[in-house]
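Colleague: So here's work_2.tsv (TSV, N, CA and C atoms and all ligand atoms).
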chain	number	residue	atom	x	y	z
R	1	MET	N	29.00	113.71	110.55
R	1	MET	CA	30.39	113.85	110.14
R	1	MET	C	31.04	114.99	110.90
R	2	ALA	N	32.22	114.71	111.45
R	2	ALA	CA	32.90	115.72	112.25
R	2	ALA	C	33.38	116.86	111.36
R	3	ALA	N	33.29	118.07	111.91
R	3	ALA	CA	33.79	119.23	111.17
R	3	ALA	C	35.31	119.12	111.02
R	4	LYS	N	35.78	119.55	109.88
R	4	LYS	CA	37.23	119.51	109.65
R	4	LYS	C	37.89	120.58	110.52
R	5	LEU	N	38.87	120.16	111.30
R	5	LEU	CA	39.54	121.09	112.20
R	5	LEU	C	40.71	121.77	111.50
R	6	LYS	N	40.84	123.05	111.76
R	6	LYS	CA	41.99	123.78	111.23
R	6	LYS	C	43.22	123.39	112.03
R	7	PRO	N	44.40	123.33	111.37
R	7	PRO	CA	45.60	123.03	112.14
R	7	PRO	C	45.88	124.16	113.12
R	8	GLY	N	46.53	123.82	114.20
R	8	GLY	CA	46.87	124.84	115.18
R	8	GLY	C	46.14	124.63	116.49
R	9	ALA	N	45.96	125.71	117.21
R	9	ALA	CA	45.44	125.66	118.57
R	9	ALA	C	44.11	124.92	118.68
R	10	GLU	N	43.22	125.12	117.73
R	10	GLU	CA	41.90	124.48	117.80
R	10	GLU	C	42.03	122.96	117.77
R	11	LEU	N	42.88	122.49	116.88
R	11	LEU	CA	43.10	121.04	116.75
R	11	LEU	C	43.81	120.49	118.00
R	12	TYR	N	44.81	121.20	118.48
R	12	TYR	CA	45.54	120.74	119.67
R	12	TYR	C	44.63	120.71	120.89
R	13	ARG	N	43.77	121.71	121.03
R	13	ARG	CA	42.84	121.77	122.17
R	13	ARG	C	41.86	120.59	122.10
R	14	ALA	N	41.34	120.32	120.92
R	14	ALA	CA	40.38	119.22	120.75
R	14	ALA	C	41.04	117.87	121.04
R	15	THR	N	42.27	117.73	120.60
R	15	THR	CA	43.00	116.47	120.84
R	15	THR	C	43.22	116.25	122.33
R	16	LEU	N	43.67	117.31	122.99
R	16	LEU	CA	43.92	117.23	124.43
R	16	LEU	C	42.63	116.93	125.19
R	17	GLU	N	41.54	117.55	124.77
R	17	GLU	CA	40.26	117.36	125.44
R	17	GLU	C	39.76	115.93	125.25
R	18	LYS	N	39.95	115.37	124.07
R	18	LYS	CA	39.43	114.03	123.78
R	18	LYS	C	40.23	112.92	124.46
R	19	TRP	N	41.58	113.04	124.42
R	19	TRP	CA	42.39	111.92	124.91
R	19	TRP	C	43.15	112.22	126.20
R	20	GLY	N	43.30	113.47	126.56
R	20	GLY	CA	43.94	113.81	127.83
R	20	GLY	C	45.45	114.01	127.71
R	21	GLU	N	46.00	114.57	128.78
R	21	GLU	CA	47.42	114.95	128.82
R	21	GLU	C	48.36	113.75	128.77
R	22	GLU	N	48.07	112.76	129.60
R	22	GLU	CA	48.96	111.59	129.66
R	22	GLU	C	49.08	110.91	128.30
R	23	ALA	N	47.96	110.82	127.60
R	23	ALA	CA	47.97	110.18	126.28
R	23	ALA	C	48.85	110.95	125.29
R	24	GLN	N	48.92	112.27	125.44
R	24	GLN	CA	49.78	113.06	124.53
R	24	GLN	C	51.25	112.75	124.77
R	25	TYR	N	51.61	112.61	126.06
R	25	TYR	CA	53.01	112.27	126.37
R	25	TYR	C	53.33	110.88	125.82
R	26	ASP	N	52.43	109.95	126.05
R	26	ASP	CA	52.66	108.57	125.58
R	26	ASP	C	52.75	108.52	124.06
R	27	GLN	N	51.88	109.28	123.39
R	27	GLN	CA	51.88	109.27	121.93
R	27	GLN	C	53.17	109.89	121.38
R	28	ALA	N	53.64	110.95	122.03
R	28	ALA	CA	54.89	111.59	121.60
R	28	ALA	C	56.06	110.62	121.74
R	29	VAL	N	56.11	109.92	122.86
R	29	VAL	CA	57.18	108.94	123.08
R	29	VAL	C	57.12	107.85	122.02
R	30	GLU	N	55.90	107.37	121.76
R	30	GLU	CA	55.72	106.30	120.77
R	30	GLU	C	56.16	106.75	119.37
R	31	GLU	N	55.76	107.96	118.99
R	31	GLU	CA	56.12	108.45	117.65
R	31	GLU	C	57.63	108.67	117.52
R	32	CYS	N	58.26	109.17	118.58
R	32	CYS	CA	59.72	109.34	118.55
R	32	CYS	C	60.40	107.98	118.42
R	33	ALA	N	59.90	107.00	119.14
R	33	ALA	CA	60.47	105.65	119.08
R	33	ALA	C	60.32	105.06	117.67
R	34	GLU	N	59.17	105.32	117.05
R	34	GLU	CA	58.96	104.82	115.69
R	34	GLU	C	59.93	105.47	114.71
R	35	LEU	N	60.18	106.76	114.89
R	35	LEU	CA	61.14	107.44	114.01
R	35	LEU	C	62.55	106.89	114.23
R	36	ILE	N	62.89	106.67	115.48
R	36	ILE	CA	64.22	106.11	115.78
R	36	ILE	C	64.38	104.75	115.11
R	37	ALA	N	63.40	103.88	115.28
R	37	ALA	CA	63.47	102.54	114.68
R	37	ALA	C	63.54	102.64	113.16
R	38	CYS	N	62.75	103.54	112.60
R	38	CYS	CA	62.70	103.70	111.15
R	38	CYS	C	64.06	104.18	110.61
R	39	LEU	N	64.69	105.10	111.32
R	39	LEU	CA	66.01	105.58	110.89
R	39	LEU	C	67.04	104.46	110.92
R	40	LYS	N	66.97	103.61	111.94
R	40	LYS	CA	67.88	102.47	112.01
R	40	LYS	C	67.65	101.54	110.81
R	41	HIS	N	66.40	101.29	110.49
R	41	HIS	CA	66.07	100.43	109.35
R	41	HIS	C	66.49	101.07	108.03
R	42	PHE	N	66.32	102.39	107.94
R	42	PHE	CA	66.71	103.11	106.72
R	42	PHE	C	68.21	102.99	106.48
R	43	LYS	N	68.99	103.10	107.57
R	43	LYS	CA	70.45	102.97	107.43
R	43	LYS	C	70.85	101.61	106.90
R	44	ARG	N	70.03	100.59	107.17
R	44	ARG	CA	70.32	99.23	106.69
R	44	ARG	C	69.53	98.89	105.42
R	45	ASN	N	68.99	99.91	104.78
R	45	ASN	CA	68.22	99.75	103.54
R	45	ASN	C	67.03	98.80	103.68
R	46	LYS	N	66.42	98.81	104.84
R	46	LYS	CA	65.25	97.95	105.06
R	46	LYS	C	63.94	98.69	104.78
R	47	VAL	N	64.00	100.02	104.79
R	47	VAL	CA	62.82	100.83	104.45
R	47	VAL	C	63.24	101.97	103.54
R	48	GLY	N	62.28	102.51	102.80
R	48	GLY	CA	62.56	103.63	101.92
R	48	GLY	C	62.40	104.96	102.63
R	49	ASP	N	62.78	106.03	101.94
R	49	ASP	CA	62.71	107.35	102.57
R	49	ASP	C	61.26	107.82	102.76
R	50	ASP	N	60.32	107.17	102.07
R	50	ASP	CA	58.91	107.53	102.28
R	50	ASP	C	58.48	107.21	103.71
R	51	ARG	N	59.04	106.15	104.26
R	51	ARG	CA	58.72	105.80	105.66
R	51	ARG	C	59.29	106.83	106.63
R	52	ILE	N	60.49	107.34	106.31
R	52	ILE	CA	61.09	108.39	107.15
R	52	ILE	C	60.20	109.63	107.14
R	53	VAL	N	59.76	110.01	105.95
R	53	VAL	CA	58.90	111.19	105.82
R	53	VAL	C	57.62	111.00	106.63
R	54	ASP	N	57.06	109.79	106.55
R	54	ASP	CA	55.84	109.48	107.30
R	54	ASP	C	56.05	109.61	108.81
R	55	GLU	N	57.16	109.06	109.29
R	55	GLU	CA	57.42	109.13	110.74
R	55	GLU	C	57.78	110.55	111.16
R	56	LEU	N	58.47	111.28	110.27
R	56	LEU	CA	58.77	112.69	110.58
R	56	LEU	C	57.47	113.48	110.72
R	57	ALA	N	56.49	113.16	109.89
R	57	ALA	CA	55.19	113.85	109.98
R	57	ALA	C	54.54	113.56	111.33
R	58	ASP	N	54.59	112.30	111.76
R	58	ASP	CA	54.01	111.95	113.07
R	58	ASP	C	54.70	112.71	114.20
R	59	VAL	N	56.02	112.71	114.17
R	59	VAL	CA	56.77	113.39	115.24
R	59	VAL	C	56.53	114.89	115.19
R	60	THR	N	56.49	115.44	113.99
R	60	THR	CA	56.24	116.89	113.85
R	60	THR	C	54.88	117.27	114.45
R	61	LEU	N	53.87	116.44	114.19
R	61	LEU	CA	52.55	116.71	114.76
R	61	LEU	C	52.57	116.66	116.28
R	62	MET	N	53.29	115.68	116.83
R	62	MET	CA	53.36	115.57	118.29
R	62	MET	C	54.18	116.70	118.90
R	63	VAL	N	55.21	117.13	118.19
R	63	VAL	CA	55.99	118.29	118.67
R	63	VAL	C	55.08	119.53	118.69
R	64	GLY	N	54.24	119.66	117.67
R	64	GLY	CA	53.30	120.78	117.64
R	64	GLY	C	52.32	120.71	118.82
R	65	GLN	N	51.82	119.50	119.08
R	65	GLN	CA	50.89	119.32	120.20
R	65	GLN	C	51.54	119.69	121.53
R	66	LEU	N	52.72	119.14	121.77
R	66	LEU	CA	53.41	119.39	123.04
R	66	LEU	C	53.84	120.85	123.17
R	67	THR	N	54.26	121.43	122.05
R	67	THR	CA	54.65	122.85	122.07
R	67	THR	C	53.47	123.71	122.48
R	68	TRP	N	52.32	123.40	121.91
R	68	TRP	CA	51.11	124.14	122.29
R	68	TRP	C	50.79	123.94	123.78
R	69	MET	N	50.96	122.71	124.26
R	69	MET	CA	50.65	122.41	125.66
R	69	MET	C	51.61	123.11	126.63
R	70	PHE	N	52.89	123.16	126.28
R	70	PHE	CA	53.87	123.72	127.21
R	70	PHE	C	54.08	125.23	127.01
R	71	GLY	N	53.61	125.74	125.89
R	71	GLY	CA	53.71	127.18	125.65
R	71	GLY	C	54.63	127.49	124.49
R	72	PRO	N	54.05	127.89	123.35
R	72	PRO	CA	54.85	128.20	122.16
R	72	PRO	C	55.91	129.27	122.41
R	73	ASP	N	55.59	130.27	123.21
R	73	ASP	CA	56.57	131.33	123.47
R	73	ASP	C	57.79	130.79	124.22
R	74	ARG	N	57.54	129.93	125.19
R	74	ARG	CA	58.64	129.33	125.95
R	74	ARG	C	59.52	128.48	125.05
R	75	VAL	N	58.87	127.70	124.19
R	75	VAL	CA	59.63	126.83	123.28
R	75	VAL	C	60.43	127.69	122.29
R	76	GLU	N	59.80	128.76	121.80
R	76	GLU	CA	60.49	129.66	120.86
R	76	GLU	C	61.72	130.29	121.51
R	77	GLN	N	61.60	130.69	122.77
R	77	GLN	CA	62.75	131.27	123.48
R	77	GLN	C	63.86	130.24	123.65
R	78	ALA	N	63.48	129.00	123.96
R	78	ALA	CA	64.47	127.93	124.11
R	78	ALA	C	65.17	127.65	122.78
R	79	ILE	N	64.40	127.68	121.70
R	79	ILE	CA	64.98	127.47	120.36
R	79	ILE	C	66.00	128.57	120.07
R	80	GLU	N	65.65	129.81	120.38
R	80	GLU	CA	66.57	130.92	120.13
R	80	GLU	C	67.86	130.74	120.92
R	81	ARG	N	67.73	130.33	122.19
R	81	ARG	CA	68.94	130.10	123.02
R	81	ARG	C	69.82	129.02	122.39
R	82	LYS	N	69.18	127.96	121.92
R	82	LYS	CA	69.94	126.84	121.36
R	82	LYS	C	70.55	127.19	120.01
R	83	LEU	N	69.85	127.99	119.23
R	83	LEU	CA	70.42	128.44	117.95
R	83	LEU	C	71.64	129.31	118.18
R	84	GLU	N	71.57	130.16	119.20
R	84	GLU	CA	72.72	131.01	119.53
R	84	GLU	C	73.91	130.14	119.94
R	85	LYS	N	73.65	129.12	120.73
R	85	LYS	CA	74.71	128.20	121.14
R	85	LYS	C	75.30	127.49	119.92
R	86	LEU	N	74.43	127.07	119.01
R	86	LEU	CA	74.90	126.40	117.79
R	86	LEU	C	75.76	127.32	116.94
R	87	ARG	N	75.32	128.59	116.81
R	87	ARG	CA	76.11	129.56	116.04
R	87	ARG	C	77.49	129.72	116.65
R	88	ASN	N	77.56	129.76	117.98
R	88	ASN	CA	78.85	129.90	118.65
R	88	ASN	C	79.71	128.66	118.42
R	89	LEU	N	79.10	127.50	118.46
R	89	LEU	CA	79.85	126.26	118.22
R	89	LEU	C	80.40	126.22	116.80
R	90	LEU	N	79.63	126.73	115.85
R	90	LEU	CA	80.08	126.74	114.46
R	90	LEU	C	81.27	127.66	114.26
R	91	ASP	N	81.41	128.65	115.14
R	91	ASP	CA	82.54	129.58	115.05
R	91	ASP	C	83.80	129.00	115.67
R	92	GLU	N	83.67	127.94	116.47
R	92	GLU	CA	84.82	127.34	117.14
R	92	GLU	C	85.52	126.36	116.20
R	93	PRO	N	86.84	126.17	116.39
R	93	PRO	CA	87.53	125.18	115.57
R	93	PRO	C	87.04	123.77	115.90
R	94	VAL	N	87.12	122.89	114.91
R	94	VAL	CA	86.69	121.50	115.11
R	94	VAL	C	87.78	120.76	115.86
R	95	LEU	N	87.39	120.10	116.94
R	95	LEU	CA	88.34	119.30	117.72
R	95	LEU	C	88.21	117.85	117.27
R	96	ASP	N	89.15	117.02	117.69
R	96	ASP	CA	89.04	115.60	117.38
R	96	ASP	C	87.71	115.08	117.88
R	97	GLU	N	86.98	114.41	116.98
R	97	GLU	CA	85.67	113.91	117.38
R	97	GLU	C	85.79	112.77	118.39
R	98	TYR	N	86.78	111.93	118.18
R	98	TYR	CA	86.96	110.80	119.08
R	98	TYR	C	88.41	110.80	119.57
R	99	PRO	N	88.70	111.56	120.61
R	99	PRO	CA	90.08	111.59	121.10
R	99	PRO	C	90.53	110.20	121.53
R	100	LEU	N	91.80	109.93	121.34
R	100	LEU	CA	92.35	108.62	121.70
R	100	LEU	C	92.32	108.41	123.21
R	101	SER	N	92.06	107.17	123.60
R	101	SER	CA	92.15	106.84	125.02
R	101	SER	C	93.62	106.73	125.38
R	102	LYS	N	93.93	106.67	126.67
R	102	LYS	CA	95.33	106.55	127.09
R	102	LYS	C	95.98	105.29	126.53
R	103	GLU	N	95.21	104.20	126.49
R	103	GLU	CA	95.75	102.93	125.96
R	103	GLU	C	96.10	103.09	124.48
R	104	GLU	N	95.23	103.76	123.73
R	104	GLU	CA	95.49	103.95	122.30
R	104	GLU	C	96.69	104.86	122.07
R	105	GLU	N	96.85	105.87	122.94
R	105	GLU	CA	97.98	106.78	122.78
R	105	GLU	C	99.31	106.07	123.01
R	106	GLU	N	99.32	105.08	123.90
R	106	GLU	CA	100.55	104.38	124.27
R	106	GLU	C	100.97	103.38	123.21
R	107	THR	N	100.05	102.96	122.35
R	107	THR	CA	100.41	101.94	121.35
R	107	THR	C	100.88	102.55	120.06
X	201	MG	MG	54.55	106.93	113.64
Spell out the structure here as structure tokens.
Modeller:
Amino acid sequence: MAAKLKPGAELYRATLEKWGEEAQYDQAVEECAELIACLKHFKRNKVGDDRIVDELADVTLMVGQLTWMFGPDRVEQAIERKLEKLRNLLDEPVLDEYPLSKEEEET
């Protein structure tokens, strides 16, 4: 029986070693696609929110794997930059979300 792996670097290292780098990229793409499809189905009441939670868990695990592979510090710095941008956007006035086209303005 395999030893239970602790979450974090040890688990990510073992996963990468067993299946390789390319498989991690493919798995991340697949899990994101499943979440996308599930959200579309949820909007049409075809699946319950338990399915969303399940797919979010899959994507979260893959984000953890890729973050570990690309460097947690780098990802953390990028998150900080994006949060700062978001804070600045929240301070700006809201503009029309869908500005009228020229044809719509003329009618
Ligand atoms: Mg999935």
Colleague: Nearest to ligand MG 201 (chain X) among R:Leu90, R:Leu35, R:Ala9, R:Val47, with distances taken over all atoms listed in the file: which residue is it?
Modeller: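 Under the stated criterion, the closest residue is R:Leu35.
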Colleague: With only C-alpha atoms as the basis for distance, which of R:Glu30, R:Glu55, R:Val94, R:Leu100 is at the shortest distance from Phe42 (chain R)?
Modeller: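 Distance minimum relative to Phe42 (chain R) lands on R:Glu55.
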Colleague: Report, as lines of an AutoDock Vina configuration file, the axis-aligned box around all atoms of region 80-84 of chain R present in the file, extended by 5 Å on each side; give centre and edge lengths in Å to one decimal place.
Modeller:
center_x = 69.8
center_y = 128.9
center_z = 120.5
size_x = 18.3
size_y = 14.2
size_z = 15.1
Colleague: Would you mind listing the residues within 6 Å of ligand MG 201 (chain X), counting only C-alpha atoms and all ligand atoms, as a compact mmCIF listing (two decimals) with N, CA and C atoms, in the coordinates of the input?
Modeller:
# COMPACT_ATOMS: atom_id res chain seq x y z
N GLU R 31 55.76 107.96 118.99
CA GLU R 31 56.12 108.45 117.65
C GLU R 31 57.63 108.67 117.52
N GLU R 34 59.17 105.32 117.05
CA GLU R 34 58.96 104.82 115.69
C GLU R 34 59.93 105.47 114.71
N GLU R 55 57.16 109.06 109.29
CA GLU R 55 57.42 109.13 110.74
C GLU R 55 57.78 110.55 111.16
N ASP R 58 54.59 112.30 111.76
CA ASP R 58 54.01 111.95 113.07
C ASP R 58 54.70 112.71 114.20
Colleague: Quick one: residues within 8 Å of Gly8 (chain R), only N, CA and C atoms counted, chain neighbours fewer than 5 positions away excluded, as a list in words?
Modeller: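 Within the cut-off, the hits are Arg13, Ala14, Gly64 and Trp68 of chain R.
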Colleague: So how many Å separate atom N of Ala33 (chain R) and atom N of Val59 (chain R), to one decimal?
Modeller: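 Atom N of Ala33 (chain R) sits 8.5 Å away from atom N of Val59 (chain R).
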Colleague: Would you mind telling me which residue in R:Met69, R:Ala57, R:Ile36, R:Val29 lies nearest to Tyr12 (chain R) when using only C-alpha atoms?
Modeller: R:Met69
Colleague: Saving region 6-55 of chain R with C-alpha atoms, as a PDB file, in the first residue's frame, what would that file be?
Modeller:
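This is the output file result-v1.pdb:
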ATOM      1  CA  LYS R   6       1.081  15.088   2.353  1.00  0.00           C
ATOM      2  CA  PRO R   7      -0.380  17.868   0.223  1.00  0.00           C
ATOM      3  CA  GLY R   8       2.138  20.292  -1.159  1.00  0.00           C
ATOM      4  CA  ALA R   9       5.583  19.966  -2.678  1.00  0.00           C
ATOM      5  CA  GLU R  10       6.006  16.266  -1.900  1.00  0.00           C
ATOM      6  CA  LEU R  11       2.783  15.359  -3.674  1.00  0.00           C
ATOM      7  CA  TYR R  12       3.479  17.654  -6.634  1.00  0.00           C
ATOM      8  CA  ARG R  13       7.009  16.245  -7.027  1.00  0.00           C
ATOM      9  CA  ALA R  14       5.722  12.655  -6.955  1.00  0.00           C
ATOM     10  CA  THR R  15       3.015  13.456  -9.494  1.00  0.00           C
ATOM     11  CA  LEU R  16       5.477  15.110 -11.852  1.00  0.00           C
ATOM     12  CA  GLU R  17       7.918  12.221 -11.480  1.00  0.00           C
ATOM     13  CA  LYS R  18       5.273   9.573 -12.178  1.00  0.00           C
ATOM     14  CA  TRP R  19       3.482  11.135 -15.160  1.00  0.00           C
ATOM     15  CA  GLY R  20       5.835  13.820 -16.480  1.00  0.00           C
ATOM     16  CA  GLU R  21       5.573  17.482 -17.422  1.00  0.00           C
ATOM     17  CA  GLU R  22       3.519  17.158 -20.602  1.00  0.00           C
ATOM     18  CA  ALA R  23       0.870  15.130 -18.791  1.00  0.00           C
ATOM     19  CA  GLN R  24       0.490  17.914 -16.202  1.00  0.00           C
ATOM     20  CA  TYR R  25      -0.199  20.483 -18.920  1.00  0.00           C
ATOM     21  CA  ASP R  26      -2.679  18.163 -20.614  1.00  0.00           C
ATOM     22  CA  GLN R  27      -4.414  17.374 -17.334  1.00  0.00           C
ATOM     23  CA  ALA R  28      -4.696  21.072 -16.446  1.00  0.00           C
ATOM     24  CA  VAL R  29      -6.243  21.833 -19.837  1.00  0.00           C
ATOM     25  CA  GLU R  30      -8.653  18.924 -19.456  1.00  0.00           C
ATOM     26  CA  GLU R  31      -9.746  19.943 -15.953  1.00  0.00           C
ATOM     27  CA  CYS R  32     -10.273  23.573 -17.031  1.00  0.00           C
ATOM     28  CA  ALA R  33     -12.358  22.369 -19.970  1.00  0.00           C
ATOM     29  CA  GLU R  34     -14.456  20.202 -17.649  1.00  0.00           C
ATOM     30  CA  LEU R  35     -15.101  23.177 -15.374  1.00  0.00           C
ATOM     31  CA  ILE R  36     -16.062  25.322 -18.347  1.00  0.00           C
ATOM     32  CA  ALA R  37     -18.506  22.693 -19.626  1.00  0.00           C
ATOM     33  CA  CYS R  38     -19.908  22.166 -16.140  1.00  0.00           C
ATOM     34  CA  LEU R  39     -20.521  25.901 -15.664  1.00  0.00           C
ATOM     35  CA  LYS R  40     -22.394  26.020 -18.971  1.00  0.00           C
ATOM     36  CA  HIS R  41     -24.533  23.070 -17.865  1.00  0.00           C
ATOM     37  CA  PHE R  42     -25.097  24.644 -14.441  1.00  0.00           C
ATOM     38  CA  LYS R  43     -26.407  27.829 -16.076  1.00  0.00           C
ATOM     39  CA  ARG R  44     -28.985  25.681 -17.893  1.00  0.00           C
ATOM     40  CA  ASN R  45     -29.879  23.749 -14.721  1.00  0.00           C
ATOM     41  CA  LYS R  46     -28.496  20.512 -16.143  1.00  0.00           C
ATOM     42  CA  VAL R  47     -26.157  19.869 -13.194  1.00  0.00           C
ATOM     43  CA  GLY R  48     -26.179  20.757  -9.512  1.00  0.00           C
ATOM     44  CA  ASP R  49     -23.682  22.897  -7.647  1.00  0.00           C
ATOM     45  CA  ASP R  50     -22.036  19.746  -6.274  1.00  0.00           C
ATOM     46  CA  ARG R  51     -20.624  19.152  -9.754  1.00  0.00           C
ATOM     47  CA  ILE R  52     -19.224  22.694  -9.830  1.00  0.00           C
ATOM     48  CA  VAL R  53     -17.535  22.110  -6.476  1.00  0.00           C
ATOM     49  CA  ASP R  54     -16.089  18.842  -7.786  1.00  0.00           C
ATOM     50  CA  GLU R  55     -14.674  20.466 -10.916  1.00  0.00           C
TER      51      GLU R  55
END
